[in-house]
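Have a look at the structure below, then the notes.
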Amino acid sequence: MLGLPWSVWLLLLAASGGGLVIALRFHGRHRRGR
Amino acid sequence: MSASGWILAVLLLYGLALLAIGVWGGRESKDVAGYYVAGKKLPSWVIAFSTNATGESAWLLLGLTGMGYAVGFHALWIVLGEVLGVTLGWVLVALPFKEYTDRYDAITVPDYLEARFRDTRRVFQLIGLVVILTMVTAYTAAQLTAIGKAFGAFSGTTYAAGVLIGAAIILFYTTVGGFKAVAYSDLLQGVLMFLALLALPFVGFAAAGGWSAVIENLRAQDPALLTVMGSAGITTTGVASALGFVAVGLAFLGAPQLLVRWISARDRRQIVDGSLIAVVCIIVFDLGAVFSGIAGRALFPGLADQETILPAMAAGLFPAVLTGLFLVAVLAASMSTVDSLLILASSSVARDVVQKIFRPGLSERRIAGIGKLTTVVIGATAVVFALEQVRLIFWFVLFAWSGLASAFTPVVLCSLFWKRTTRAGAIAGMLAGFGTAVVWVVAFKAQFFDLYEMIPGFAAGFAATILVSLVTRPPDDAAEEFDEVRRAVIGRQRPGGSP
């Protein structure tokens, strides 16, 4: 895809998306809790 | 105005802004808590940007862009490690750590460890002093080297003049303004780094003819640049390299210069809000650096030193005033790390040792004064090293980064998440973590696929903490306190939980 193997896209997704999803869940849970 | 005139103008403006922040922060730095944690009043934006700008030094702008240039998409393992490190640090560590340190009125990490393990002999302060002073001096000297080189590369001043000017500015605002000036200057510096790394990859890819042109260019140079495992492929060397890259991010879970940012937060809400800001910021920092290096490889192939790719792109792709801003971003990345390290080392001497061990009766103002003097002495020592040895490079940065983290992070994590952790276990963990990281570099690293010292350092730190804790007794009331902290942290995230 776009000249790169799928493994690069997977690593890119894990690297950026993983942290963002965890942080969004943490933020949402604590904001709702107050 | 000529190109060098523009660059000097930008540089002057930046220097003046830092001096002004120093004077402004000065009002808060008269007592110990003011000087070292800005009176625990900092808002989310400041702690988030300050944590990332402190954790990321010139290594981010010169070293990580150079890594993208040298190994291509293999460098994404560093992004994975750092983003996960920052995320888990904020999501798991920050709130319980803040809760404990507020209960103890702690303002340094050894303060926290002393109270958490009911230590009456000040052992944590003494181990902390040795670890912090050695690592901070090496780390600071390497950053001052980067500052001297950046001045030389962009503005034409000599290396020595660059080191001295940079150090003088940092020492002024750090001693006069204390932690408040350090944290707010980190915000300014972090924003500059953010903007530089947001713009550079887009401009780089556009200048190189777009996405497809860059990918085809790299494929022609070396197809391994487009793979996740790099030129070594799926071999022990390749896996060790990927693991080492991921391990760089482990320090974000609990290096002392970062933990102190959470202590300085105004309240829990700043940490909850700061988490999201910090994670978005680190993603932009790291992806920006790696993709800039990748675009740079297509634009400027064959550079003798991969770490000059950012200056090459800044000078080649932008008008002079923006080239000046990139110089400022490199300086900002170094300075935001150096100021935080200096104030950490100063707290280790003045708060942890002078106030806690030798002269508990001294007034707050005198202790803060000793802290300022210590900042200058350690800064001056690092300047001497930087002037003597211009070959200090990022190897030192990664070494000091792992030395500080291996000593503190495994112990802090065990103390926060395992109620059986004991004082003896924590002491053993600090010594084993730090000792192993150092010995690994000196004696074993070359024979073991160049595995990054953070991995054996953390493994030894955790192993020693756990094994020694299992054969010793935790403090009597620590388990009860542990449960209270846990309830306080978890209870407040559910509707109807305790306030």
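Residues in the structure tokens are named by chain (A, B, ... in the order shown) and by number from 1 within that chain; ligands are numbered from 1 in the order shown.
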Using only C-alpha atoms and a distance of at most 9 Å, pull out the residues of chain B that contact chain A, as a ChimeraX atom specification. /B:73-74,76-88,90-91,211-212,215-216,226-228,269,272-273,275-276,279-280,283,287,491-497,499
Select from chain A everything DSSP, run on the backbone, classes as alpha helix (DSSP H), then give the selection as a PyMOL selection string. chain A and resi 6-13+19-33
Atom CA of Tyr452 of chain B to atom CA of Leu310 of chain B, straight-line distance in Å: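 Atom CA of Tyr452 of chain B lies at a distance of 24.7 Å from atom CA of Leu310 of chain B.
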Which neighbours of Leu18 of chain B fall inside 7 Å, counting only C-alpha atoms, when residues of the same chain fewer than 4 positions from it are skipped, and could you give them as a ChimeraX atom specification? /B:14,22,173,185
Export of prior selection with N, CA and C atoms as a short mmCIF file (atom, residue, chain, number, x, y, z; two decimals), in the first residue's frame:
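So part_30.cif came out as:
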```cif
data_model
loop_
_atom_site.label_atom_id
_atom_site.label_comp_id
_atom_site.auth_asym_id
_atom_site.auth_seq_id
_atom_site.Cartn_x
_atom_site.Cartn_y
_atom_site.Cartn_z
N TYR B 14 14.81 35.11 21.15
CA TYR B 14 14.63 33.90 21.96
C TYR B 14 15.37 34.03 23.30
N GLY B 22 12.89 34.07 33.26
CA GLY B 22 13.68 33.89 34.48
C GLY B 22 13.33 34.94 35.53
N TYR B 173 18.39 31.94 33.89
CA TYR B 173 16.96 31.78 34.18
C TYR B 173 16.68 30.64 35.14
N SER B 185 9.65 27.99 30.57
CA SER B 185 10.54 28.07 29.41
C SER B 185 10.45 26.77 28.62
#
```
Between atom CA of Ser264 of chain B and atom CA of Leu42 of chain B, what is the spacing in Å?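 Taking atom CA of Leu42 of chain B and atom CA of Ser264 of chain B, their separation equals 6.0 Å.
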